[in-house]
Every structure is written in structure tokens, then in C-alpha cells.
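Single-structure report; data block below.
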Amino acid sequence: MIRFLLVAILIPTFLFQVVGAIAEELRDQARESLRKGVQFFHKAVAVEGGYVYQVSSDLMYREGEGVAEAGTVWVQPPGTPAVGIALLNAYERTGDGALLDAAKDAGFCLVRGQLHSGGWQAHIDFGRELRPKHAYRVEGQPGKKARNLSSLDDDKTQSAVRFLSRLDKTLQFKDERIHEACSYALQSLLANQFPNGGWGQVYQLIDDPKKYSIKPANYPEQWPRKYPGGDYWFFYTLNDNNITQLIDTLLLAVEVYGDVRYRESAVKAADFLLLAQMPDPQPAWAQQYNFEMQPVWARKFEPPAVSGGESQDAIKSLMRIFVETGDRKYLASIPRALDYLEKSLLPNGRLARFYELQTNKPLYFTKEYQLTYSSDDLPTHYGFTVPSNLPKLRRDYMKISKMSDEERRAYAVSERKKTELKRPADQEIRAIIQDQDSRGAWVERGKLKYHKGLENIDSVIKSETFSENIDKLSRFLVEQE
């Protein structure tokens, strides 16, 4: 009997020790995988501290949203700022100095790619022939033909500012290069916000703010059914979540620097969204507006229209500003927009990207870029329908609209502090470790999109995958320490 009791006691203890040893072994493997992955990406894949979208597995060919020259890195996500943020997150979770070193190099890369206008373009060129074509601040006075247009399209400048802001804070504001570049970029965003609170897709310097009147959105009497061309990129732009990304960036800057001007600018952007909401019968938002606040053509497949995608994004931004300010004017127009969008759902439950002005008929294009009401011959490079997030938007609206001021303030604090630290499953971590080669690279099946004549290359290394993997590894480790 005594022997049986001893066995009953010893077996669970032994099993506990075995399980603990296995768990510790996996933690050690995860640490080593993180170390190897960052060392490889930082030392072998980076150029001047920056990154592109993907490289061939032998590192000979590089691509962003196009072929990347040997001395070119990409700003647009998933390029340099996105990788930098992943590195910074992993450093804050683990304290590994190698992660901070790699993040700092990504930051210094962006400093060397900042334009005199204050922001960034899609990519940064370090090559001797290409670099003089851009008005980079660190190079001194630019040539007359040097490109100096900062871009807000596809989260270029915004992502760079968010990364540099967080890096600046992590470095305790002591690195003058990082701090000055981020401050300069933020000031450029304030200086190039139009009087009505909007921004263009690009900016250099608003010539005379007084000439831009503040007026609500309205329908044009008529609009061209064929693409007219023109410099649409200077017009007020919501396309590709432009305003939401700017609001997020400015509110992060408030958190980092405590400067009330950034908060005022974010609120002013929400005021622009109120102005930009179309009147009945389509109380939602367009992708872009001319200076008369009428929906206008952008690219040849982006007509004047009310947009199912950007409208959902505008609603999210208005709710966020309400949570930050408590001003209910930012909620007042949301029910009308939700009602309209719910009535506009397609039979498949999605929303059209474009709804014809006033008739509300879904608009599409043929592969020859002819405007049509039919979705039978669509170009494949662009999404002409978008997912509906209306049920969640409706729930979120109902939730926050009922909050007291005290509940709203607590919710705002919790949202700002919210960090996704859900522990990945052991199986997921083992798969990441298993997929890593002896160099520390995560090689995956894939093709180069822009290099001609290299169809035989079928394996690539992607920045997006690297960022995802070090995020998961660092979340796994922070839960275990």
C-alpha cells in the first residue's frame, strides 16, 4: 500500500518535470529562432538598414511594388517602417538589444530618405545615379528637378511617422537624428492639412490656404463617363484609408509627445469627414473630392462615386474621435450612413466599391477600362467589391453611443493601451522554427512579380512573413518570461 502511494506521488511529479523540461526546450528554441531570424534579415537582407517586399531565396533579386535596384529600399508597407515596428515590438517584449539595433538602423534609413517636404515617397534610393533625383533632406539643397512630393497614399508617410515616433520614445528622445526627423515630419503634416481638415494624396506645401474654401460635399451636375486624366493626387483624398491612417498617426503622436496640436489636427480631420459625407440619397463618402467638394475621378478605374470601402472606414474614424473627445456631433451622422450602406449590400453580402452618384447603381469596369454596370469582365488587379463590416460597425456604434463620459474615458485609455499579446500555440511556434533554414531565413514558395524572364525562380523571402514570425516568437516568449 505504501509502495502504491509513493508511486502515485512520484509519477505526477515526474510528469510535471518532463513537461516543464519540454516547455523550457521550446522556449530556448524560440529564442534561438528569433535571434537567427533577426540576424539574417538585418545583416543579409537589409540595404542601408531598410527593406523591400520580397527577395529571391538566393538574395540576388529584390522587389517592392516594382523591381528594386540594388540600392533601393521600400517605405510603403510591408517595407521598412512595417519591419521596423515589428522589430521594435519584439524588442519591447524581450529586451534583446539586437532587435533594437536593427530597429534603429531601419529608423536611420528612413531619416536618410526623408524629403524636404517632410514625408516620404514609396521608396528610398541610395544608388549614386538615382539618389540625386530626389530632394532628400540629408543631401542639402536639392536640384531644381529633384522630386519633393511626399506621399500619403498606401500608408507611406504615416507608417514612417508612427515607427519613428515609437522609436523616438524607446530611445528616450535622446537620438537627435530620429527626434528631429520625426518632429519635422509631424510639422509637415500640420502645415499641409487643408483649412477644411483634409489632405491630398501627396503634398509639398500648400500654396495659399486662404484660397481653399470650406464647404460641404455636394453632387456635380454632371461628370465625365470617360477618364479625363489630370492631377487628381492634389485633391482631398480618403482612398486607401488615407484619413484613418492620418488620424491614427496623429493620436499616437499625442500619446508620445503630449502636443495638443496633433490632437487638434486629428479632430480637424474628423470635421473634414463630417463635411465630406454626401447628402441624401447617398449619405456616405467618396474616395476623393475636388476643391468644390464634389466626388471626382482619380485613376482610370476610380470614378466619381460613393465608396463602400472608404465609407466604412470613415465611420470607424468618426467613432474613434468621439471616444477621444466625447463630442456627439461625430456620432450624429453615423446611423444614416449605416442605414444607407445596409440597403446597398449586394446579393452576395458584400458592398460595391463604387456606387453611381444619385442612382446608387453599382459601377464596374471592363478589362478595357470601360465604365459599366456589369461585373462580368472585371480587371483582376483591383477589388471592385469589398467585405461588409456593417454588423460590427453597428454593434460598436450602439456600444459607444450609450457610454457615459466616465465609461468613454476609461474605454479610450483601454483602447490606447491595448496590445495584442495572445500567446501563440506551441504547435504554431514549432512550425515557425521548422520552416526556418540554417541561415535563419524563412523561405516560402512564391514568384517574383516584376522581374521578367525569371519564371524559374519559385521561392522567395518576404518581409511580411518575417515581421509576422518575429511577432509570434516574441509574443510566445513574453508570455513565458
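Note on naming: chains are A, B, ... as they come in the C-alpha cells, residues start from 1 per chain, ligands start from 1 in the order shown.
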Report task. Would you mind writing down, as a ChimeraX atom specification, each residue of stretch 23-87 of chain A that DSSP on the backbone assigns to strand (DSSP E or B)? Result -> /A:47,50,54-56,62-64,66-67,72-74
So which residues of stretch 85-146 of chain A fall under helix (DSSP H, G or I) by DSSP, listed as a short mmCIF file (atom, residue, chain, number, x, y, z; two decimals) with all heavy atoms, in the first residue's frame?
```cif
data_model
loop_
_atom_site.label_atom_id
_atom_site.label_comp_id
_atom_site.auth_asym_id
_atom_site.auth_seq_id
_atom_site.Cartn_x
_atom_site.Cartn_y
_atom_site.Cartn_z
N ILE A 85 8.63 48.45 -37.06
CA ILE A 85 7.65 48.33 -35.98
C ILE A 85 7.66 46.92 -35.41
O ILE A 85 7.59 46.72 -34.18
CB ILE A 85 6.25 48.72 -36.48
CG1 ILE A 85 6.19 50.24 -36.70
CG2 ILE A 85 5.17 48.28 -35.49
CD1 ILE A 85 4.92 50.71 -37.38
N ALA A 86 7.77 45.91 -36.27
CA ALA A 86 7.83 44.52 -35.78
C ALA A 86 9.08 44.31 -34.93
O ALA A 86 9.02 43.64 -33.88
CB ALA A 86 7.82 43.55 -36.97
N LEU A 87 10.20 44.85 -35.36
CA LEU A 87 11.44 44.74 -34.58
C LEU A 87 11.30 45.44 -33.24
O LEU A 87 11.73 44.92 -32.20
CB LEU A 87 12.60 45.34 -35.37
CG LEU A 87 13.05 44.57 -36.62
CD1 LEU A 87 13.94 45.46 -37.49
CD2 LEU A 87 13.80 43.29 -36.22
N LEU A 88 10.70 46.61 -33.25
CA LEU A 88 10.54 47.38 -32.02
C LEU A 88 9.60 46.67 -31.05
O LEU A 88 9.87 46.61 -29.84
CB LEU A 88 10.02 48.77 -32.36
CG LEU A 88 10.21 49.87 -31.31
CD1 LEU A 88 11.67 50.04 -30.94
CD2 LEU A 88 9.65 51.19 -31.83
N ASN A 89 8.51 46.13 -31.56
CA ASN A 89 7.60 45.36 -30.71
C ASN A 89 8.31 44.19 -30.06
O ASN A 89 8.15 43.92 -28.86
CB ASN A 89 6.41 44.85 -31.52
CG ASN A 89 5.41 45.93 -31.86
OD1 ASN A 89 5.35 46.96 -31.21
ND2 ASN A 89 4.63 45.71 -32.90
N ALA A 90 9.10 43.47 -30.87
CA ALA A 90 9.81 42.30 -30.35
C ALA A 90 10.84 42.71 -29.30
O ALA A 90 11.03 42.01 -28.30
CB ALA A 90 10.47 41.54 -31.49
N TYR A 91 11.50 43.84 -29.51
CA TYR A 91 12.47 44.33 -28.51
C TYR A 91 11.77 44.66 -27.20
O TYR A 91 12.25 44.30 -26.11
CB TYR A 91 13.19 45.56 -29.04
CG TYR A 91 13.93 46.31 -27.96
CD1 TYR A 91 15.09 45.77 -27.38
CD2 TYR A 91 13.44 47.52 -27.47
CE1 TYR A 91 15.74 46.43 -26.34
CE2 TYR A 91 14.10 48.19 -26.44
CZ TYR A 91 15.25 47.64 -25.88
OH TYR A 91 15.89 48.29 -24.86
N GLU A 92 10.64 45.36 -27.28
CA GLU A 92 9.94 45.76 -26.06
C GLU A 92 9.43 44.55 -25.28
O GLU A 92 9.29 44.60 -24.05
CB GLU A 92 8.78 46.69 -26.42
CG GLU A 92 9.27 48.05 -26.92
CD GLU A 92 8.15 48.94 -27.42
OE1 GLU A 92 7.00 48.45 -27.53
OE2 GLU A 92 8.40 50.13 -27.69
N ARG A 93 9.18 43.43 -25.97
CA ARG A 93 8.71 42.23 -25.30
C ARG A 93 9.85 41.40 -24.71
O ARG A 93 9.65 40.72 -23.69
CB ARG A 93 7.91 41.37 -26.29
CG ARG A 93 6.61 42.00 -26.74
CD ARG A 93 6.05 41.30 -27.96
NE ARG A 93 4.89 42.00 -28.47
CZ ARG A 93 4.39 41.84 -29.70
NH1 ARG A 93 4.96 40.98 -30.53
NH2 ARG A 93 3.34 42.52 -30.09
N THR A 94 11.01 41.43 -25.35
CA THR A 94 12.09 40.52 -24.95
C THR A 94 13.31 41.22 -24.37
O THR A 94 14.10 40.59 -23.67
CB THR A 94 12.56 39.68 -26.16
OG1 THR A 94 13.18 40.55 -27.13
CG2 THR A 94 11.39 38.94 -26.80
N GLY A 97 18.83 43.33 -27.24
CA GLY A 97 19.43 44.52 -27.84
C GLY A 97 19.64 44.42 -29.33
O GLY A 97 19.66 45.45 -30.03
N ALA A 98 19.79 43.20 -29.87
CA ALA A 98 19.96 43.05 -31.32
C ALA A 98 18.72 43.52 -32.07
O ALA A 98 18.82 44.05 -33.18
CB ALA A 98 20.27 41.59 -31.66
N LEU A 99 17.56 43.34 -31.46
CA LEU A 99 16.32 43.81 -32.08
C LEU A 99 16.28 45.33 -32.12
O LEU A 99 15.87 45.92 -33.12
CB LEU A 99 15.12 43.27 -31.30
CG LEU A 99 14.85 41.78 -31.44
CD1 LEU A 99 14.06 41.26 -30.25
CD2 LEU A 99 14.13 41.49 -32.74
N LEU A 100 16.71 45.97 -31.07
CA LEU A 100 16.74 47.43 -31.04
C LEU A 100 17.76 47.96 -32.04
O LEU A 100 17.51 48.96 -32.72
CB LEU A 100 17.06 47.93 -29.64
CG LEU A 100 17.08 49.46 -29.47
CD1 LEU A 100 15.74 50.07 -29.87
CD2 LEU A 100 17.43 49.84 -28.04
N ASP A 101 18.91 47.30 -32.16
CA ASP A 101 19.91 47.74 -33.14
C ASP A 101 19.34 47.70 -34.55
O ASP A 101 19.55 48.63 -35.35
CB ASP A 101 21.14 46.84 -33.06
CG ASP A 101 21.96 47.06 -31.80
OD1 ASP A 101 21.79 48.13 -31.16
OD2 ASP A 101 22.76 46.17 -31.45
N ALA A 102 18.63 46.63 -34.88
CA ALA A 102 18.04 46.51 -36.21
C ALA A 102 16.95 47.56 -36.41
O ALA A 102 16.83 48.16 -37.50
CB ALA A 102 17.47 45.11 -36.41
N ALA A 103 16.15 47.82 -35.37
CA ALA A 103 15.11 48.85 -35.47
C ALA A 103 15.73 50.23 -35.65
O ALA A 103 15.22 51.04 -36.44
CB ALA A 103 14.23 48.81 -34.22
N LYS A 104 16.79 50.51 -34.95
CA LYS A 104 17.46 51.81 -35.09
C LYS A 104 18.00 51.99 -36.51
O LYS A 104 17.88 53.06 -37.09
CB LYS A 104 18.60 51.92 -34.08
CG LYS A 104 18.12 52.17 -32.65
CD LYS A 104 19.22 51.94 -31.63
CE LYS A 104 20.39 52.89 -31.80
NZ LYS A 104 21.39 52.68 -30.74
N ASP A 105 18.58 50.94 -37.07
CA ASP A 105 19.09 51.04 -38.43
C ASP A 105 17.96 51.31 -39.42
O ASP A 105 18.12 52.08 -40.39
CB ASP A 105 19.83 49.77 -38.82
CG ASP A 105 21.24 49.71 -38.22
OD1 ASP A 105 21.69 50.73 -37.65
OD2 ASP A 105 21.87 48.64 -38.29
N ALA A 106 16.79 50.69 -39.20
CA ALA A 106 15.64 50.99 -40.05
C ALA A 106 15.23 52.45 -39.89
O ALA A 106 14.86 53.11 -40.87
CB ALA A 106 14.48 50.06 -39.70
N GLY A 107 15.29 52.96 -38.66
CA GLY A 107 14.97 54.37 -38.43
C GLY A 107 15.95 55.30 -39.12
O GLY A 107 15.55 56.29 -39.75
N PHE A 108 17.24 55.00 -39.04
CA PHE A 108 18.24 55.85 -39.68
C PHE A 108 18.10 55.80 -41.20
O PHE A 108 18.35 56.80 -41.90
CB PHE A 108 19.65 55.41 -39.27
CG PHE A 108 19.93 55.56 -37.81
CD1 PHE A 108 20.70 54.62 -37.14
CD2 PHE A 108 19.43 56.63 -37.09
CE1 PHE A 108 20.96 54.75 -35.79
CE2 PHE A 108 19.68 56.77 -35.73
CZ PHE A 108 20.45 55.82 -35.08
N CYS A 109 17.68 54.65 -41.71
CA CYS A 109 17.41 54.54 -43.15
C CYS A 109 16.31 55.52 -43.55
O CYS A 109 16.43 56.23 -44.56
CB CYS A 109 17.01 53.10 -43.48
SG CYS A 109 16.44 52.85 -45.18
N LEU A 110 15.24 55.57 -42.77
CA LEU A 110 14.14 56.49 -43.07
C LEU A 110 14.59 57.95 -42.95
O LEU A 110 14.16 58.80 -43.74
CB LEU A 110 12.96 56.22 -42.13
CG LEU A 110 12.23 54.90 -42.35
CD1 LEU A 110 11.18 54.68 -41.27
CD2 LEU A 110 11.58 54.85 -43.73
N VAL A 111 15.44 58.25 -41.99
CA VAL A 111 15.95 59.61 -41.86
C VAL A 111 16.66 60.02 -43.15
O VAL A 111 16.50 61.15 -43.64
CB VAL A 111 16.92 59.71 -40.66
CG1 VAL A 111 17.67 61.05 -40.67
CG2 VAL A 111 16.16 59.54 -39.34
N ARG A 112 17.41 59.12 -43.73
CA ARG A 112 18.15 59.42 -44.96
C ARG A 112 17.25 59.46 -46.19
O ARG A 112 17.67 59.91 -47.25
CB ARG A 112 19.26 58.38 -45.15
CG ARG A 112 20.33 58.44 -44.07
CD ARG A 112 21.32 57.32 -44.21
NE ARG A 112 22.06 57.41 -45.47
CZ ARG A 112 22.79 56.42 -45.98
NH1 ARG A 112 22.84 55.25 -45.35
NH2 ARG A 112 23.44 56.59 -47.12
N GLY A 113 15.99 59.01 -46.02
CA GLY A 113 15.06 59.05 -47.14
C GLY A 113 13.98 60.10 -47.00
O GLY A 113 13.07 60.19 -47.84
N ARG A 131 19.91 58.62 -56.58
CA ARG A 131 19.70 59.44 -55.38
C ARG A 131 19.55 60.93 -55.67
O ARG A 131 18.69 61.59 -55.07
CB ARG A 131 20.84 59.19 -54.37
CG ARG A 131 20.53 59.76 -53.00
CD ARG A 131 21.38 59.12 -51.92
NE ARG A 131 21.13 59.73 -50.62
CZ ARG A 131 20.08 59.45 -49.84
NH1 ARG A 131 19.20 58.56 -50.23
NH2 ARG A 131 19.93 60.07 -48.68
N PRO A 132 20.32 61.53 -56.58
CA PRO A 132 20.17 62.97 -56.84
C PRO A 132 18.81 63.36 -57.43
O PRO A 132 18.48 64.54 -57.46
CB PRO A 132 21.30 63.27 -57.83
CG PRO A 132 22.29 62.18 -57.62
CD PRO A 132 21.47 60.97 -57.31
N LYS A 133 18.02 62.37 -57.87
CA LYS A 133 16.71 62.68 -58.45
C LYS A 133 15.66 63.00 -57.39
O LYS A 133 14.55 63.38 -57.72
CB LYS A 133 16.24 61.51 -59.31
CG LYS A 133 17.14 61.26 -60.53
CD LYS A 133 16.62 60.12 -61.37
CE LYS A 133 17.53 59.88 -62.58
NZ LYS A 133 17.02 58.77 -63.44
N ARG A 137 16.48 65.40 -47.53
CA ARG A 137 16.94 66.46 -46.64
C ARG A 137 18.42 66.35 -46.30
O ARG A 137 19.12 67.35 -46.23
CB ARG A 137 16.13 66.44 -45.33
CG ARG A 137 14.67 66.81 -45.46
CD ARG A 137 14.02 66.78 -44.09
NE ARG A 137 14.53 67.83 -43.24
CZ ARG A 137 14.61 67.75 -41.92
NH1 ARG A 137 14.23 66.64 -41.29
NH2 ARG A 137 15.07 68.75 -41.21
N VAL A 138 18.88 65.12 -46.05
CA VAL A 138 20.26 64.94 -45.60
C VAL A 138 21.27 65.30 -46.68
O VAL A 138 22.45 65.46 -46.39
CB VAL A 138 20.50 63.49 -45.14
CG1 VAL A 138 19.66 63.15 -43.93
CG2 VAL A 138 20.26 62.50 -46.28
N GLU A 139 20.81 65.47 -47.92
CA GLU A 139 21.72 65.79 -49.02
C GLU A 139 21.86 67.28 -49.24
O GLU A 139 22.54 67.72 -50.18
CB GLU A 139 21.24 65.12 -50.31
CG GLU A 139 21.09 63.62 -50.23
CD GLU A 139 22.40 62.90 -49.98
OE1 GLU A 139 23.48 63.51 -50.19
OE2 GLU A 139 22.36 61.74 -49.53
#
```
Report task. Return the single residue from A:Pro424, A:Glu310, A:Ala337, A:Lys329 that is closest to A:Asp240, with distances computed using only C-alpha atoms. Result -> A:Glu310
Report task. Excluding stretch 396-407 of chain A and any residue of its chain fewer than 6 positions from it, enumerate the residues within 9 Å of it, using only C-alpha atoms, and give them as a list in words. Result ->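 My reading of the contact set: Lys316, Met319, Phe322, Val323, Gly326, Arg328, Leu331, Ile334 and Pro335 of chain A.
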Export, as a PDB file, in the first residue's frame, the selected residues with N, CA and C atoms.
```pdb
ATOM      1  N   LYS A 316     -15.602  54.319 -38.843  1.00  0.00           N
ATOM      2  CA  LYS A 316     -14.690  53.917 -37.776  1.00  0.00           C
ATOM      3  C   LYS A 316     -13.921  55.117 -37.234  1.00  0.00           C
ATOM      4  N   MET A 319     -16.125  57.326 -35.014  1.00  0.00           N
ATOM      5  CA  MET A 319     -16.343  56.735 -33.696  1.00  0.00           C
ATOM      6  C   MET A 319     -15.100  56.883 -32.829  1.00  0.00           C
ATOM      7  N   PHE A 322     -15.004  60.388 -31.499  1.00  0.00           N
ATOM      8  CA  PHE A 322     -15.977  60.566 -30.418  1.00  0.00           C
ATOM      9  C   PHE A 322     -15.427  60.018 -29.097  1.00  0.00           C
ATOM     10  N   VAL A 323     -14.836  58.827 -29.159  1.00  0.00           N
ATOM     11  CA  VAL A 323     -14.279  58.233 -27.940  1.00  0.00           C
ATOM     12  C   VAL A 323     -13.199  59.137 -27.361  1.00  0.00           C
ATOM     13  N   GLY A 326     -15.541  62.910 -26.790  1.00  0.00           N
ATOM     14  CA  GLY A 326     -16.855  62.952 -26.149  1.00  0.00           C
ATOM     15  C   GLY A 326     -17.856  63.831 -26.868  1.00  0.00           C
ATOM     16  N   ARG A 328     -20.581  64.488 -29.326  1.00  0.00           N
ATOM     17  CA  ARG A 328     -21.543  63.624 -30.005  1.00  0.00           C
ATOM     18  C   ARG A 328     -21.844  64.034 -31.435  1.00  0.00           C
ATOM     19  N   LEU A 331     -20.963  61.336 -33.819  1.00  0.00           N
ATOM     20  CA  LEU A 331     -21.832  60.168 -33.921  1.00  0.00           C
ATOM     21  C   LEU A 331     -23.115  60.459 -34.685  1.00  0.00           C
ATOM     22  N   ILE A 334     -23.760  58.955 -38.205  1.00  0.00           N
ATOM     23  CA  ILE A 334     -23.427  57.555 -38.448  1.00  0.00           C
ATOM     24  C   ILE A 334     -24.658  56.692 -38.729  1.00  0.00           C
ATOM     25  N   PRO A 335     -25.772  56.835 -37.978  1.00  0.00           N
ATOM     26  CA  PRO A 335     -26.936  55.974 -38.275  1.00  0.00           C
ATOM     27  C   PRO A 335     -27.417  56.097 -39.718  1.00  0.00           C
TER      28      PRO A 335
END
```
Extract, using only C-alpha atoms, all DNA, RNA and protein residues at most 9 Å from A:Gly197, discarding same-chain residues fewer than 3 positions from it, and format them as a PDB file with all heavy atoms, in the first residue's frame.
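New file part.pdb:
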```pdb
ATOM      1  N   GLN A 193      -2.231  70.284 -43.993  1.00  0.00           N
ATOM      2  CA  GLN A 193      -3.646  69.983 -43.813  1.00  0.00           C
ATOM      3  C   GLN A 193      -4.457  71.165 -44.335  1.00  0.00           C
ATOM      4  O   GLN A 193      -4.200  72.314 -43.970  1.00  0.00           O
ATOM      5  CB  GLN A 193      -3.954  69.731 -42.338  1.00  0.00           C
ATOM      6  CG  GLN A 193      -5.372  69.254 -42.074  1.00  0.00           C
ATOM      7  CD  GLN A 193      -5.583  68.884 -40.603  1.00  0.00           C
ATOM      8  OE1 GLN A 193      -4.868  69.363 -39.724  1.00  0.00           O
ATOM      9  NE2 GLN A 193      -6.553  68.022 -40.341  1.00  0.00           N
ATOM     10  N   PHE A 194      -5.388  70.901 -45.210  1.00  0.00           N
ATOM     11  CA  PHE A 194      -6.184  71.977 -45.794  1.00  0.00           C
ATOM     12  C   PHE A 194      -7.085  72.611 -44.729  1.00  0.00           C
ATOM     13  O   PHE A 194      -7.354  72.011 -43.682  1.00  0.00           O
ATOM     14  CB  PHE A 194      -7.025  71.448 -46.946  1.00  0.00           C
ATOM     15  CG  PHE A 194      -6.237  71.177 -48.204  1.00  0.00           C
ATOM     16  CD1 PHE A 194      -5.910  69.877 -48.565  1.00  0.00           C
ATOM     17  CD2 PHE A 194      -5.820  72.225 -49.013  1.00  0.00           C
ATOM     18  CE1 PHE A 194      -5.190  69.630 -49.725  1.00  0.00           C
ATOM     19  CE2 PHE A 194      -5.089  71.988 -50.170  1.00  0.00           C
ATOM     20  CZ  PHE A 194      -4.770  70.684 -50.522  1.00  0.00           C
ATOM     21  N   SER A 265      -5.316  68.561 -34.798  1.00  0.00           N
ATOM     22  CA  SER A 265      -5.278  68.188 -36.213  1.00  0.00           C
ATOM     23  C   SER A 265      -6.106  66.942 -36.470  1.00  0.00           C
ATOM     24  O   SER A 265      -6.822  66.850 -37.480  1.00  0.00           O
ATOM     25  CB  SER A 265      -3.826  67.960 -36.643  1.00  0.00           C
ATOM     26  OG  SER A 265      -3.753  67.597 -37.999  1.00  0.00           O
ATOM     27  N   ALA A 266      -6.046  65.950 -35.564  1.00  0.00           N
ATOM     28  CA  ALA A 266      -6.847  64.744 -35.723  1.00  0.00           C
ATOM     29  C   ALA A 266      -8.336  65.070 -35.655  1.00  0.00           C
ATOM     30  O   ALA A 266      -9.142  64.533 -36.437  1.00  0.00           O
ATOM     31  CB  ALA A 266      -6.474  63.726 -34.637  1.00  0.00           C
ATOM     32  N   VAL A 267      -8.717  65.942 -34.732  1.00  0.00           N
ATOM     33  CA  VAL A 267     -10.119  66.348 -34.617  1.00  0.00           C
ATOM     34  C   VAL A 267     -10.562  67.107 -35.866  1.00  0.00           C
ATOM     35  O   VAL A 267     -11.682  66.930 -36.369  1.00  0.00           O
ATOM     36  CB  VAL A 267     -10.328  67.184 -33.341  1.00  0.00           C
ATOM     37  CG1 VAL A 267     -11.720  67.800 -33.314  1.00  0.00           C
ATOM     38  CG2 VAL A 267     -10.090  66.330 -32.105  1.00  0.00           C
ATOM     39  N   LYS A 268      -9.675  67.934 -36.371  1.00  0.00           N
ATOM     40  CA  LYS A 268      -9.977  68.682 -37.592  1.00  0.00           C
ATOM     41  C   LYS A 268     -10.184  67.725 -38.777  1.00  0.00           C
ATOM     42  O   LYS A 268     -11.027  67.968 -39.653  1.00  0.00           O
ATOM     43  CB  LYS A 268      -8.843  69.660 -37.883  1.00  0.00           C
ATOM     44  CG  LYS A 268      -9.116  70.655 -38.994  1.00  0.00           C
ATOM     45  CD  LYS A 268      -7.948  71.629 -39.122  1.00  0.00           C
ATOM     46  CE  LYS A 268      -8.153  72.609 -40.268  1.00  0.00           C
ATOM     47  NZ  LYS A 268      -6.992  73.539 -40.411  1.00  0.00           N
ATOM     48  N   ALA A 269      -9.437  66.631 -38.790  1.00  0.00           N
ATOM     49  CA  ALA A 269      -9.627  65.622 -39.838  1.00  0.00           C
ATOM     50  C   ALA A 269     -11.008  64.985 -39.732  1.00  0.00           C
ATOM     51  O   ALA A 269     -11.658  64.700 -40.740  1.00  0.00           O
ATOM     52  CB  ALA A 269      -8.541  64.552 -39.744  1.00  0.00           C
ATOM     53  N   ALA A 270     -11.466  64.762 -38.509  1.00  0.00           N
ATOM     54  CA  ALA A 270     -12.820  64.232 -38.329  1.00  0.00           C
ATOM     55  C   ALA A 270     -13.860  65.254 -38.772  1.00  0.00           C
ATOM     56  O   ALA A 270     -14.907  64.886 -39.321  1.00  0.00           O
ATOM     57  CB  ALA A 270     -13.035  63.843 -36.865  1.00  0.00           C
ATOM     58  N   ASP A 271     -13.594  66.539 -38.551  1.00  0.00           N
ATOM     59  CA  ASP A 271     -14.502  67.577 -39.052  1.00  0.00           C
ATOM     60  C   ASP A 271     -14.585  67.537 -40.571  1.00  0.00           C
ATOM     61  O   ASP A 271     -15.651  67.762 -41.158  1.00  0.00           O
ATOM     62  CB  ASP A 271     -14.019  68.958 -38.601  1.00  0.00           C
ATOM     63  CG  ASP A 271     -14.191  69.166 -37.102  1.00  0.00           C
ATOM     64  OD1 ASP A 271     -15.039  68.492 -36.494  1.00  0.00           O
ATOM     65  OD2 ASP A 271     -13.470  70.014 -36.543  1.00  0.00           O
ATOM     66  N   PHE A 272     -13.453  67.227 -41.209  1.00  0.00           N
ATOM     67  CA  PHE A 272     -13.480  67.062 -42.666  1.00  0.00           C
ATOM     68  C   PHE A 272     -14.401  65.908 -43.059  1.00  0.00           C
ATOM     69  O   PHE A 272     -15.155  66.005 -44.031  1.00  0.00           O
ATOM     70  CB  PHE A 272     -12.074  66.808 -43.209  1.00  0.00           C
ATOM     71  CG  PHE A 272     -12.059  66.372 -44.641  1.00  0.00           C
ATOM     72  CD1 PHE A 272     -12.267  67.285 -45.652  1.00  0.00           C
ATOM     73  CD2 PHE A 272     -11.880  65.034 -44.978  1.00  0.00           C
ATOM     74  CE1 PHE A 272     -12.292  66.882 -46.992  1.00  0.00           C
ATOM     75  CE2 PHE A 272     -11.889  64.616 -46.301  1.00  0.00           C
ATOM     76  CZ  PHE A 272     -12.098  65.549 -47.301  1.00  0.00           C
ATOM     77  N   LEU A 273     -14.353  64.803 -42.312  1.00  0.00           N
ATOM     78  CA  LEU A 273     -15.224  63.669 -42.627  1.00  0.00           C
ATOM     79  C   LEU A 273     -16.691  64.048 -42.506  1.00  0.00           C
ATOM     80  O   LEU A 273     -17.531  63.580 -43.292  1.00  0.00           O
ATOM     81  CB  LEU A 273     -14.906  62.489 -41.713  1.00  0.00           C
ATOM     82  CG  LEU A 273     -13.550  61.812 -41.944  1.00  0.00           C
ATOM     83  CD1 LEU A 273     -13.331  60.703 -40.920  1.00  0.00           C
ATOM     84  CD2 LEU A 273     -13.440  61.260 -43.360  1.00  0.00           C
TER      85      LEU A 273
END
```
**Report entry** Near-stretch 298-309 of chain A list (9 Å; only C-alpha atoms; drop same-chain fewer than 2 positions) as a ChimeraX atom specification
**Finding:** /A:223-233,239-241,278,282-289,294-296,311-314,341,344-345,350-358,360,363-365,369-371,382,385-388
